[in-house]
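Asker: Just one file: target.txt, with compact mmCIF, C-alpha atoms and all ligand atoms.
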```txt
# COMPACT_ATOMS: atom_id res chain seq x y z
CA MET M 1 0.00 0.00 0.00
CA GLU M 2 1.29 3.41 -0.99
CA ILE M 3 1.79 6.17 1.60
CA LYS M 4 -0.70 8.36 -0.26
CA ASP M 5 -3.37 5.69 0.19
CA ILE M 6 -2.77 5.64 3.94
CA ILE M 7 -2.96 9.42 4.33
CA LYS M 8 -6.75 9.74 4.14
CA GLU M 9 -9.20 11.33 6.53
CA GLU M 10 -10.75 7.99 7.51
CA ASN M 11 -7.34 6.61 8.54
CA LEU M 12 -6.41 9.55 10.79
CA VAL M 13 -5.66 8.23 14.29
CA TYR M 14 -3.92 11.19 15.91
CA SER M 15 -3.73 14.92 15.39
CA LYS M 16 -3.55 17.96 17.64
CA THR M 17 -6.78 18.46 19.58
CA LYS M 18 -9.06 21.31 18.50
CA LEU M 19 -9.00 22.52 22.09
CA LEU M 20 -5.55 23.90 21.42
CA THR M 21 -5.59 27.01 19.26
CA ASP M 22 -3.45 27.24 16.15
CA THR M 23 -1.32 29.95 17.81
CA THR M 24 2.33 28.91 17.75
CA LEU M 25 3.42 28.06 21.29
CA THR M 26 5.89 30.57 22.70
CA TYR M 27 7.89 27.76 24.31
CA CYS M 28 11.46 26.85 23.43
CA PRO M 29 11.94 23.83 21.17
CA GLY M 30 11.53 20.61 23.17
CA CYS M 31 10.02 22.24 26.27
CA GLY M 32 7.62 20.00 28.21
CA HIS M 33 5.01 22.75 28.63
CA GLY M 34 3.68 22.02 25.14
CA VAL M 35 3.00 18.34 25.84
CA ALA M 36 1.45 19.15 29.23
CA HIS M 37 -0.91 21.67 27.58
CA ARG M 38 -1.97 19.14 25.00
CA LEU M 39 -2.67 16.34 27.48
CA LEU M 40 -4.79 18.65 29.56
CA MET M 41 -6.84 19.71 26.53
CA GLU M 42 -7.17 16.09 25.34
CA VAL M 43 -8.60 15.07 28.71
CA ILE M 44 -11.09 17.94 28.66
CA GLU M 45 -12.09 17.03 25.11
CA GLU M 46 -12.48 13.33 25.92
CA MET M 47 -14.56 14.08 29.02
CA ASN M 48 -16.64 16.44 26.91
CA ILE M 49 -16.42 19.22 29.51
CA ARG M 50 -15.07 22.07 27.42
CA GLU M 51 -18.05 24.36 28.10
CA ASP M 52 -17.82 23.64 31.82
CA THR M 53 -14.10 24.09 32.40
CA ILE M 54 -12.25 27.19 33.59
CA GLY M 55 -8.47 27.28 33.74
CA ILE M 56 -6.17 29.69 35.56
CA SER M 57 -2.85 30.48 33.95
CA PRO M 58 0.10 31.54 36.10
CA VAL M 59 3.03 33.89 35.79
CA GLY M 60 5.99 32.19 34.17
CA CYS M 61 6.67 30.84 30.71
CA SER M 62 3.09 29.53 30.62
CA VAL M 63 1.55 32.94 31.34
CA PHE M 64 0.03 32.88 27.84
CA ALA M 65 -1.64 29.49 28.36
CA TYR M 66 -4.94 31.31 27.77
CA ASP M 67 -3.82 32.02 24.21
CA PHE M 68 -3.09 28.35 23.58
CA MET M 69 -5.95 26.62 25.38
CA ASP M 70 -9.22 27.28 23.62
CA ILE M 71 -11.39 27.22 26.74
CA ASP M 72 -12.45 29.80 29.33
CA MET M 73 -9.40 31.02 31.22
CA ALA M 74 -8.39 33.62 33.76
CA GLN M 75 -4.86 34.73 34.53
CA ALA M 76 -3.68 35.21 38.09
CA ALA M 77 -0.93 37.29 39.65
CA HIS M 78 2.27 35.36 40.37
CA GLY M 79 1.51 32.42 42.69
CA ARG M 80 -2.11 33.38 43.27
CA ALA M 81 -3.77 30.92 40.91
CA PRO M 82 -5.07 28.64 43.72
CA ALA M 83 -6.74 31.65 45.39
CA VAL M 84 -8.38 32.70 42.12
CA ALA M 85 -9.42 29.08 41.46
CA THR M 86 -10.92 28.90 44.95
CA GLY M 87 -13.12 31.91 44.23
CA ILE M 88 -14.25 30.62 40.85
CA LYS M 89 -14.95 27.10 42.07
CA ARG M 90 -16.90 28.32 45.10
CA CYS M 91 -19.07 30.51 42.87
CA TRP M 92 -19.58 27.67 40.37
CA PRO M 93 -19.18 24.39 42.29
CA ASP M 94 -20.33 22.37 39.27
CA LYS M 95 -17.69 23.73 36.90
CA PHE M 96 -14.33 22.04 36.39
CA VAL M 97 -11.55 24.36 37.51
CA PHE M 98 -7.81 23.90 37.20
CA THR M 99 -4.66 25.92 37.78
CA TYR M 100 -1.55 25.46 35.67
CA GLN M 101 1.59 26.56 37.52
CA GLY M 102 5.37 26.39 37.36
CA ASP M 103 7.59 25.65 40.34
CA GLY M 104 8.56 29.28 40.88
CA ASP M 105 4.90 30.21 40.83
CA LEU M 106 3.59 27.33 42.94
CA ALA M 107 6.46 26.49 45.28
CA ALA M 108 8.05 29.91 45.87
CA ILE M 109 5.90 33.04 45.70
CA GLY M 110 2.64 31.06 45.82
CA THR M 111 3.49 28.66 48.64
CA ALA M 112 0.83 30.06 50.96
CA GLU M 113 -1.94 29.84 48.36
CA THR M 114 -0.87 26.32 47.37
CA ILE M 115 -0.70 24.92 50.90
CA HIS M 116 -3.94 26.49 52.10
CA ALA M 117 -6.00 25.59 49.04
CA CYS M 118 -4.77 22.00 49.43
CA ASN M 119 -5.43 22.05 53.16
CA ARG M 120 -8.95 23.38 52.69
CA GLY M 121 -9.58 20.58 50.20
CA GLU M 122 -10.86 22.90 47.49
CA ASN M 123 -12.47 20.88 44.69
CA PHE M 124 -10.19 21.86 41.85
CA THR M 125 -7.14 20.47 40.08
CA ILE M 126 -3.60 21.82 40.25
CA ILE M 127 -1.26 20.99 37.38
CA PHE M 128 2.27 21.71 38.57
CA ILE M 129 5.14 21.88 36.07
CA ASN M 130 8.40 21.34 37.92
CA ASN M 131 11.47 22.17 35.85
CA GLY M 132 13.65 23.00 38.83
CA ILE M 133 14.22 26.59 37.82
CA TYR M 134 12.64 29.98 37.06
CA GLY M 135 12.33 29.56 33.32
CA MET M 136 10.80 32.79 32.13
CA THR M 137 13.07 35.20 33.96
CA GLY M 138 16.36 33.63 32.94
CA GLY M 139 17.04 30.51 34.95
CA GLN M 140 17.33 31.70 38.55
CA MET M 141 17.34 29.17 41.40
CA ALA M 142 13.88 27.96 42.43
CA PRO M 143 13.00 26.21 45.70
CA THR M 144 12.99 23.02 43.60
CA THR M 145 16.53 23.46 42.18
CA LEU M 146 18.56 20.32 42.94
CA PRO M 147 21.56 20.32 45.30
CA GLY M 148 24.64 21.28 43.30
CA MET M 149 22.54 22.32 40.30
CA LYS M 150 23.80 25.37 38.46
CA SER M 151 21.45 28.25 37.79
CA SER M 152 22.04 31.91 36.98
CA THR M 153 21.89 32.76 40.70
CA THR M 154 23.84 29.66 41.79
CA PRO M 155 26.65 29.65 39.22
CA PHE M 156 28.68 27.23 41.37
CA GLY M 157 25.70 25.00 42.05
CA ARG M 158 23.07 25.12 44.80
CA ASP M 159 24.83 25.00 48.16
CA VAL M 160 22.30 23.45 50.54
CA SER M 161 24.16 24.68 53.63
CA LEU M 162 23.45 28.22 52.47
CA MET M 163 20.27 27.88 50.40
CA GLY M 164 18.45 24.99 52.01
CA ASN M 165 17.32 21.77 50.41
CA PRO M 166 14.97 21.56 47.45
CA ILE M 167 11.37 21.43 48.60
CA LYS M 168 9.27 18.39 47.72
CA ILE M 169 6.06 20.35 47.75
CA THR M 170 4.09 17.52 46.19
CA GLU M 171 4.93 15.15 49.07
CA LEU M 172 4.15 18.01 51.41
CA VAL M 173 0.65 18.68 50.09
CA ALA M 174 -0.01 14.93 50.01
CA GLN M 175 0.26 15.00 53.82
CA LEU M 176 -2.67 17.39 54.06
CA PRO M 177 -6.13 15.89 54.64
CA GLY M 178 -7.65 18.14 51.94
CA THR M 179 -5.87 16.45 49.03
CA TYR M 180 -7.59 13.39 47.57
CA PHE M 181 -5.36 12.52 44.62
CA VAL M 182 -1.67 13.42 44.31
CA SER M 183 0.57 12.15 41.54
CA ARG M 184 3.94 12.91 39.97
CA GLN M 185 4.46 12.24 36.27
CA ALA M 186 6.65 13.19 33.30
CA VAL M 187 5.97 13.83 29.62
CA HIS M 188 9.31 13.28 27.90
CA LYS M 189 8.74 9.73 26.61
CA PRO M 190 5.70 8.07 25.02
CA ALA M 191 5.05 5.76 28.02
CA ASN M 192 5.27 8.71 30.42
CA VAL M 193 2.96 10.79 28.26
CA ARG M 194 0.32 8.06 28.39
CA LYS M 195 0.60 7.72 32.18
CA ALA M 196 0.56 11.47 32.73
CA LYS M 197 -2.64 11.72 30.72
CA LYS M 198 -4.25 9.05 32.89
CA ALA M 199 -3.27 10.96 36.02
CA ILE M 200 -4.76 14.19 34.66
CA ARG M 201 -7.94 12.33 33.80
CA THR M 202 -8.15 10.93 37.35
CA ALA M 203 -7.59 14.43 38.73
CA PHE M 204 -10.59 15.76 36.78
CA GLU M 205 -12.74 12.79 37.79
CA VAL M 206 -12.02 13.61 41.43
CA GLN M 207 -13.60 17.02 40.76
CA GLN M 208 -16.74 15.25 39.56
CA GLN M 209 -16.86 13.35 42.85
CA LYS M 210 -16.21 16.56 44.86
CA LYS M 211 -13.77 14.68 47.07
CA GLY M 212 -11.13 17.36 47.51
CA LEU M 213 -8.13 18.77 45.76
CA SER M 214 -6.38 16.82 43.00
CA PHE M 215 -2.73 17.61 42.31
CA VAL M 216 -0.58 16.42 39.41
CA GLU M 217 3.08 17.34 39.24
CA ILE M 218 4.85 16.98 35.91
CA VAL M 219 8.63 16.86 36.17
CA SER M 220 9.76 18.67 33.05
CA ASN M 221 12.79 20.13 31.35
CA CYS M 222 13.90 23.71 30.91
CA ASN M 223 16.48 22.92 28.29
CA SER M 224 17.22 26.59 27.52
CA ASN M 225 18.15 27.51 31.07
CA TRP M 226 19.73 24.15 31.81
CA LYS M 227 21.83 24.98 28.74
CA MET M 228 21.35 21.61 27.06
CA THR M 229 19.70 20.30 23.92
CA PRO M 230 16.15 18.97 24.43
CA ILE M 231 17.37 15.36 24.19
CA GLN M 232 20.24 15.97 26.63
CA SER M 233 17.93 17.77 29.05
CA ASN M 234 15.48 14.85 29.12
CA GLN M 235 18.36 12.47 29.81
CA TRP M 236 19.67 14.78 32.55
CA MET M 237 16.15 14.95 33.98
CA GLU M 238 15.93 11.15 34.18
CA GLU M 239 19.35 10.87 35.81
CA ASN M 240 19.10 13.79 38.24
CA MET M 241 15.52 14.95 38.75
CA PHE M 242 13.81 11.53 38.97
CA PRO M 243 15.90 10.23 41.91
CA TYR M 244 14.90 13.33 43.90
CA TYR M 245 11.38 13.64 42.49
CA PRO M 246 10.35 10.01 41.89
CA ILE M 247 7.61 9.41 39.33
CA GLY M 248 4.37 7.75 40.39
CA ASP M 249 1.17 8.19 42.36
CA ILE M 250 1.64 9.51 45.90
CA LYS M 251 -1.93 9.62 47.19
CA ILE M 252 -4.96 7.78 45.81
CA GLU M 253 -8.53 8.14 47.11
CA GLY M 254 -7.29 10.15 50.05
CA LYS M 255 -4.73 7.53 51.13
CA LEU M 256 -0.98 8.00 51.04
CA ILE M 257 0.59 5.18 49.11
CA LYS M 258 4.14 6.53 49.05
CA THR M 259 5.90 8.46 51.75
CA ASN M 260 9.34 9.19 50.29
CA MET O 1 -1.78 -12.13 7.56
CA ALA O 2 -2.90 -8.74 8.84
CA LYS O 3 -0.31 -6.04 9.32
CA VAL O 4 -0.58 -2.41 10.41
CA LYS O 5 0.93 0.27 8.31
CA GLY O 6 1.20 3.89 9.23
CA ALA O 7 2.06 7.23 7.80
CA ILE O 8 2.78 10.62 9.34
CA ILE O 9 2.44 14.21 8.24
CA ILE O 10 4.67 16.78 9.91
CA ASP O 11 3.76 20.45 9.61
CA LYS O 12 7.18 21.55 8.51
CA GLU O 13 6.64 25.27 9.10
CA LYS O 14 5.47 24.68 12.68
CA CYS O 15 8.22 22.22 13.61
CA LYS O 16 10.82 23.63 16.02
CA GLY O 17 13.47 21.03 15.28
CA CYS O 18 13.72 19.69 18.83
CA GLU O 19 14.34 16.10 17.60
CA LEU O 20 12.25 14.51 20.37
CA CYS O 21 10.15 12.69 17.75
CA VAL O 22 13.31 11.22 16.24
CA VAL O 23 14.30 9.44 19.47
CA ALA O 24 10.68 8.48 20.24
CA CYS O 25 10.19 6.52 17.01
CA PRO O 26 10.85 2.79 17.53
CA THR O 27 11.37 2.15 13.81
CA ASN O 28 13.65 5.08 12.92
CA VAL O 29 11.21 6.66 10.52
CA ILE O 30 12.07 10.28 11.28
CA GLY O 31 15.13 12.31 10.43
CA MET O 32 16.05 15.99 10.38
CA ALA O 33 16.16 17.92 7.13
CA PRO O 34 19.47 19.57 6.21
CA ASP O 35 17.59 22.71 5.14
CA VAL O 36 15.57 24.94 7.45
CA ASN O 37 12.00 26.19 7.63
CA GLY O 38 10.77 29.79 7.74
CA LYS O 39 11.63 30.00 11.44
CA GLY O 40 15.17 28.83 10.78
CA TYR O 41 14.79 25.38 12.33
CA HIS O 42 15.94 22.14 10.76
CA PHE O 43 12.59 20.41 10.52
CA ALA O 44 11.70 16.77 11.03
CA TYR O 45 10.49 14.65 8.13
CA ALA O 46 9.88 11.00 7.33
CA ILE O 47 13.25 9.87 6.05
CA ASN O 48 12.14 6.21 6.07
CA PRO O 49 8.34 6.33 5.65
CA GLU O 50 7.96 2.65 4.72
CA SER O 51 8.80 1.58 8.29
CA CYS O 52 6.02 3.55 9.98
CA THR O 53 3.56 1.44 11.98
CA GLY O 54 1.34 4.34 13.02
CA CYS O 55 2.13 3.81 16.73
CA GLU O 56 1.64 7.55 17.51
CA ASN O 57 4.77 7.77 19.71
CA CYS O 58 6.26 10.64 17.72
CA ALA O 59 3.02 12.62 17.74
CA ILE O 60 2.39 12.33 21.47
CA VAL O 61 5.86 13.51 22.47
CA CYS O 62 5.94 16.43 20.02
CA PRO O 63 5.71 19.52 22.24
CA ASP O 64 4.27 21.58 19.41
CA GLY O 65 1.68 19.04 18.31
CA VAL O 66 2.67 19.25 14.67
CA ILE O 67 2.53 15.54 13.78
CA SER O 68 -0.59 13.79 12.48
CA VAL O 69 -0.68 10.00 12.31
CA TYR O 70 -2.61 7.74 9.94
CA ARG O 71 -2.95 4.00 10.28
CA VAL O 72 -4.45 1.14 8.27
CA LYS O 73 -4.69 -2.62 8.56
CA VAL O 74 -3.43 -4.36 5.45
CA THR O 75 -3.54 -8.01 4.51
CA VAL O 76 -0.33 -9.47 3.21
CA GLU O 77 0.07 -12.93 1.67
C1 LIG L 1 4.92 39.48 41.85
C2 LIG L 1 5.93 39.06 40.84
N1 LIG L 1 7.18 38.74 41.28
C3 LIG L 1 8.11 38.33 40.38
C4 LIG L 1 7.82 38.26 39.05
C5 LIG L 1 8.89 37.83 38.07
N2 LIG L 1 8.71 36.46 37.58
C6 LIG L 1 8.09 36.24 36.41
S1 LIG L 1 8.07 34.60 35.99
C7 LIG L 1 8.91 34.19 37.40
C8 LIG L 1 9.29 32.76 37.71
C9 LIG L 1 8.67 31.74 36.84
O1 LIG L 1 9.18 30.47 37.09
P1 LIG L 1 8.27 29.19 37.13
O2 LIG L 1 7.05 29.43 37.91
O3 LIG L 1 9.13 28.07 37.60
O4 LIG L 1 7.78 28.96 35.64
P2 LIG L 1 8.59 28.62 34.31
O5 LIG L 1 8.84 29.94 33.66
O6 LIG L 1 9.84 27.89 34.69
O7 LIG L 1 7.65 27.77 33.53
C10 LIG L 1 9.19 35.33 38.16
C11 LIG L 1 9.94 35.30 39.42
C12 LIG L 1 6.51 38.61 38.64
N3 LIG L 1 6.14 38.57 37.36
N4 LIG L 1 5.59 39.02 39.56
S1 LIG L 2 12.63 28.92 29.23
FE1 LIG L 2 12.49 26.79 29.91
S2 LIG L 2 10.41 26.51 30.71
FE2 LIG L 2 10.45 28.40 29.48
S3 LIG L 2 9.79 27.77 27.42
FE3 LIG L 2 12.03 27.70 27.46
S4 LIG L 2 12.54 25.58 28.01
FE4 LIG L 2 10.38 25.93 28.54
S1 LIG L 3 3.82 6.78 14.16
FE1 LIG L 3 5.28 5.48 15.30
S2 LIG L 3 6.38 4.37 13.68
FE2 LIG L 3 5.34 6.09 12.66
S3 LIG L 3 6.88 7.72 12.62
FE3 LIG L 3 5.66 8.02 14.48
S4 LIG L 3 6.80 6.93 16.08
FE4 LIG L 3 7.58 6.20 14.11
S1 LIG L 4 8.98 16.65 18.05
FE1 LIG L 4 7.72 18.06 16.84
S2 LIG L 4 8.75 20.05 16.94
FE2 LIG L 4 10.22 18.50 17.63
S3 LIG L 4 11.38 17.95 15.78
FE3 LIG L 4 9.69 16.49 15.94
S4 LIG L 4 8.04 17.40 14.72
FE4 LIG L 4 9.53 19.00 15.11
```
Translate the structure of the given file into structure tokens.
Answerer:
Amino acid sequence: MEIKDIIKEENLVYSKTKLLTDTTLTYCPGCGHGVAHRLLMEVIEEMNIREDTIGISPVGCSVFAYDFMDIDMAQAAHGRAPAVATGIKRCWPDKFVFTYQGDGDLAAIGTAETIHACNRGENFTIIFINNGIYGMTGGQMAPTTLPGMKSSTTPFGRDVSLMGNPIKITELVAQLPGTYFVSRQAVHKPANVRKAKKAIRTAFEVQQQKKGLSFVEIVSNCNSNWKMTPIQSNQWMEENMFPYYPIGDIKIEGKLIKTN
Amino acid sequence: MAKVKGAIIIDKEKCKGCELCVVACPTNVIGMAPDVNGKGYHFAYAINPESCTGCENCAIVCPDGVISVYRVKVTVE
């Protein structure tokens, strides 16, 4: 069979979801934000909840998420997405609400909003992109930067005696009674992409059940600020980020299943 | 015997040349073009289209969502 006979509408098995606009993503080549956006929109499309979903974009590289996701969106001040989501969800308890936040946004300036929304058990979903660095502003150290990891503000590597240890905020929020589902995933390889999508789907289903907050971390690359090619950065992520931020579910149906 | 055959279309102008699809393909279908697109990136293309099984791996790892995948079942004697 010729290639031209295969490329026909009826044989199409995968193409970009219509819930992503045709606007070119502002992300660097190979950045995980793009895959994370797409999975989120695929889940919303498959659950058929586009008209009932409201997203909150953060400050960071993904500040323009509202230009890329073709759904209702609001944009919050740096770190405040969980507070904005709380307001929206409490006004419209039957809508699906999610925040999309980087590690600088969620685990530094927004720590208070993150912890308290999780503790209150607000019925929305937090999608947390952890690339271990402040991407947008030029690669400064984040609370999640690994020990010894170089950044523009730690040119000799993060010295934990001076700067503290990286915060495992996902394990931290999993300890709170308000969180019902907590998972850590990645999107750099096909198998990871499939698992991450399942976790996002579960997170949205928890909203349907009104059981509490659902939280999905995606360990991702920031190849530009890590100063690597996309392929190298994904390899580095596997070798260095995964041992510190292990992939897998942490809390299911309100029960901790992993306590690392 | 039934066999699956696939084919991909890459939107060359939207590709950012990250090469993640190249390493994601189990059958080495994809390569990078020596020339560049309007954005100045070496774009991905099917260098070995006959080997495509339509597994979707390349498309799901593409951060820019520029790959479409087609798949058919064919009977071979
Ligand atoms: C109140 C406030 N403080 C600081 C900034 C500057 N700022 C913009 S993005 C950013 C960090 C973003 O890092 P992260 O959340 O990890 O997202 P990434 O860009 O890596 O995806 C900072 C500090 C700001 N915009 N507003
Ligand atoms: S700076 Fe980093 S996080 Fe931001 S788009 Fe580029 S690779 Fe992605
Ligand atoms: S669909 Fe699968 S086999 Fe075909 S090019 Fe993509 S990764 Fe390779
Ligand atoms: S993964 Fe997408 S953007 Fe990257 S080289 Fe392949 S087609 Fe281009």
Asker: List as number ranges by chain the protein and nucleic acid residues near segment 24-40 of chain M, meaning an atom at most 10 Å away when all atoms listed in the file are counted, but skip any in the same chain fewer than 6 places from it.
Answerer: M: 16-18, 61-65, 67-69, 98, 100, 102, 127-131, 136, 186-188, 193-194, 196-198, 200-201, 204, 218-224, 229-231, 233-234; O: 14-21, 41, 59-65
Asker: Kindly list the centre and edge lengths in Å, rounded to one decimal, for the axis-aligned box that covers all listed atoms of segment 104-123 of chain M plus 8 Å on each of its six sides, as JSON.
Answerer:
```
{"center_x": -2.0, "center_y": 26.8, "center_z": 47.0, "size_x": 37.0, "size_y": 28.5, "size_z": 28.3}
```
Asker: What's around Val4 of chain O at 12 Å? Count all atoms listed in the file, leave out sequence neighbours fewer than 5 positions away in its own chain, and write the answer as number ranges by chain.
Answerer: M: 1, 6, 11; O: 50-55, 70-76
Asker: Between M:Arg120, M:Lys258, M:Glu253, M:Pro190, which has the minimum distance to ligand LIG 3 (chain L) (counting all atoms listed in the file)?
Answerer: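 Going through M:Arg120, M:Lys258, M:Glu253, M:Pro190 one by one, the smallest distance to ligand LIG 3 (chain L) is for M:Pro190.
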Asker: Using all atoms listed in the file, find the one residue out of O:Ala44, O:Ile9, O:Gly38, O:Pro26 that sits nearest to ligand LIG 4 (chain L).
Answerer: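 Answer, going by the shortest atom-to-atom distance: O:Ala44.
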Asker: For ligand LIG 4 (chain L), which residue out of M:Met141, M:Lys189, M:Val84, M:Ile56 is the nearest one, using only C-alpha atoms and all ligand atoms?
Answerer: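 Checking each candidate against ligand LIG 4 (chain L), we get M:Lys189 as the closest.
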Asker: Atom CA of Lys89 of chain M and atom C7 of ligand LIG 1 (chain L), how far apart in Å?
Answerer: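 Between these atoms lies a distance of 25.3 Å.
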Asker: For ligand LIG 2 (chain L), which residue among M:Asn240, M:Gln232, M:Thr137, M:Asn192 is the nearest when counting all atoms listed in the file?
Answerer: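 That would be M:Thr137, the residue with the smallest distance to ligand LIG 2 (chain L).
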Asker: When you count only C-alpha atoms, which of these residues is closest to chain O: M:Phe96, M:Phe181, M:Tyr134, M:Tyr14?
Answerer: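 Going through M:Phe96, M:Phe181, M:Tyr134, M:Tyr14 one by one, the smallest distance to chain O is for M:Tyr14.
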Asker: Can you tell me how far atom CA of Asp249 of chain M sits from atom CA of Glu122 of chain M, in Å to one decimal?
Answerer: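 Atom CA of Asp249 of chain M sits 19.7 Å away from atom CA of Glu122 of chain M.
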Asker: Using all atoms listed in the file, which of the listed residues (M:Met228, M:Val59, M:Cys91, M:Ala74) sits closest to ligand LIG 1 (chain L)?
Answerer: M:Val59
Asker: Hey, can you check how far atom CA of Val43 of chain M sits from atom CA of Ile67 of chain O?
Answerer: 18.6 Å
Asker: If we count only C-alpha atoms and set the cut-off at 10 Å, which residues sit around Pro82 of chain M, ignoring sequence neighbours fewer than 5 positions away in its own chain? Please answer as number ranges by chain.
Answerer: M: 56, 58, 76, 87-88, 97-101, 106, 110-118, 122, 124-126
Asker: I want to know what sits within 10 Å of Ile257 of chain M, based on all atoms listed in the file, with residues of the same chain fewer than 6 positions away left out; could you give that as a list in words?
Answerer: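 Selected residues are Ala174, Val182, Gly248, Asp249, Ile250 and Lys251 of chain M.
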Asker: Do you know which residues are at most 6 Å from Val29 of chain O counting only C-alpha atoms, after dropping those on the same chain fewer than 4 positions away, and could you put them as a PyMOL selection string?
Answerer: chain O and resi 46-49
Asker: Will you model N, CA, C and O atoms for segment 133-146 of chain M and pass it back as a PDB file, in the frame of the given file?
Answerer:
```
ATOM      1  N   ILE M 133      13.580  25.310  38.108  1.00  0.00           N
ATOM      2  CA  ILE M 133      14.220  26.590  37.820  1.00  0.00           C
ATOM      3  C   ILE M 133      13.157  27.643  37.486  1.00  0.00           C
ATOM      4  O   ILE M 133      12.021  27.296  37.171  1.00  0.00           O
ATOM      5  N   TYR M 134      13.506  28.918  37.589  1.00  0.00           N
ATOM      6  CA  TYR M 134      12.640  29.980  37.060  1.00  0.00           C
ATOM      7  C   TYR M 134      12.937  30.088  35.574  1.00  0.00           C
ATOM      8  O   TYR M 134      13.955  30.647  35.199  1.00  0.00           O
ATOM      9  N   GLY M 135      12.048  29.566  34.752  1.00  0.00           N
ATOM     10  CA  GLY M 135      12.330  29.560  33.320  1.00  0.00           C
ATOM     11  C   GLY M 135      12.236  30.934  32.697  1.00  0.00           C
ATOM     12  O   GLY M 135      13.188  31.443  32.105  1.00  0.00           O
ATOM     13  N   MET M 136      11.096  31.567  32.867  1.00  0.00           N
ATOM     14  CA  MET M 136      10.800  32.790  32.130  1.00  0.00           C
ATOM     15  C   MET M 136      11.804  33.926  32.368  1.00  0.00           C
ATOM     16  O   MET M 136      12.147  34.668  31.457  1.00  0.00           O
ATOM     17  N   THR M 137      12.261  34.031  33.604  1.00  0.00           N
ATOM     18  CA  THR M 137      13.070  35.200  33.960  1.00  0.00           C
ATOM     19  C   THR M 137      14.571  34.989  33.770  1.00  0.00           C
ATOM     20  O   THR M 137      15.359  35.853  34.113  1.00  0.00           O
ATOM     21  N   GLY M 138      14.950  33.828  33.252  1.00  0.00           N
ATOM     22  CA  GLY M 138      16.360  33.630  32.940  1.00  0.00           C
ATOM     23  C   GLY M 138      17.097  32.617  33.788  1.00  0.00           C
ATOM     24  O   GLY M 138      18.310  32.722  33.978  1.00  0.00           O
ATOM     25  N   GLY M 139      16.365  31.647  34.325  1.00  0.00           N
ATOM     26  CA  GLY M 139      17.040  30.510  34.950  1.00  0.00           C
ATOM     27  C   GLY M 139      17.610  30.753  36.337  1.00  0.00           C
ATOM     28  O   GLY M 139      18.669  30.225  36.681  1.00  0.00           O
ATOM     29  N   GLN M 140      16.904  31.548  37.160  1.00  0.00           N
ATOM     30  CA  GLN M 140      17.330  31.700  38.550  1.00  0.00           C
ATOM     31  C   GLN M 140      16.982  30.452  39.359  1.00  0.00           C
ATOM     32  O   GLN M 140      16.115  29.675  38.984  1.00  0.00           O
ATOM     33  N   MET M 141      17.631  30.302  40.513  1.00  0.00           N
ATOM     34  CA  MET M 141      17.340  29.170  41.400  1.00  0.00           C
ATOM     35  C   MET M 141      15.884  29.239  41.854  1.00  0.00           C
ATOM     36  O   MET M 141      15.382  30.307  42.199  1.00  0.00           O
ATOM     37  N   ALA M 142      15.236  28.091  41.872  1.00  0.00           N
ATOM     38  CA  ALA M 142      13.880  27.960  42.430  1.00  0.00           C
ATOM     39  C   ALA M 142      13.990  27.137  43.708  1.00  0.00           C
ATOM     40  O   ALA M 142      15.028  26.519  43.949  1.00  0.00           O
ATOM     41  N   PRO M 143      12.935  27.080  44.517  1.00  0.00           N
ATOM     42  CA  PRO M 143      13.000  26.210  45.700  1.00  0.00           C
ATOM     43  C   PRO M 143      13.226  24.742  45.316  1.00  0.00           C
ATOM     44  O   PRO M 143      13.686  23.957  46.130  1.00  0.00           O
ATOM     45  N   THR M 144      12.889  24.399  44.080  1.00  0.00           N
ATOM     46  CA  THR M 144      12.990  23.020  43.600  1.00  0.00           C
ATOM     47  C   THR M 144      14.341  22.694  42.948  1.00  0.00           C
ATOM     48  O   THR M 144      14.567  21.547  42.562  1.00  0.00           O
ATOM     49  N   THR M 145      15.213  23.697  42.800  1.00  0.00           N
ATOM     50  CA  THR M 145      16.530  23.460  42.180  1.00  0.00           C
ATOM     51  C   THR M 145      17.296  22.406  42.973  1.00  0.00           C
ATOM     52  O   THR M 145      17.337  22.458  44.205  1.00  0.00           O
ATOM     53  N   LEU M 146      17.894  21.454  42.260  1.00  0.00           N
ATOM     54  CA  LEU M 146      18.560  20.320  42.940  1.00  0.00           C
ATOM     55  C   LEU M 146      19.845  20.755  43.633  1.00  0.00           C
ATOM     56  O   LEU M 146      20.470  21.742  43.232  1.00  0.00           O
TER      57      LEU M 146
END
```
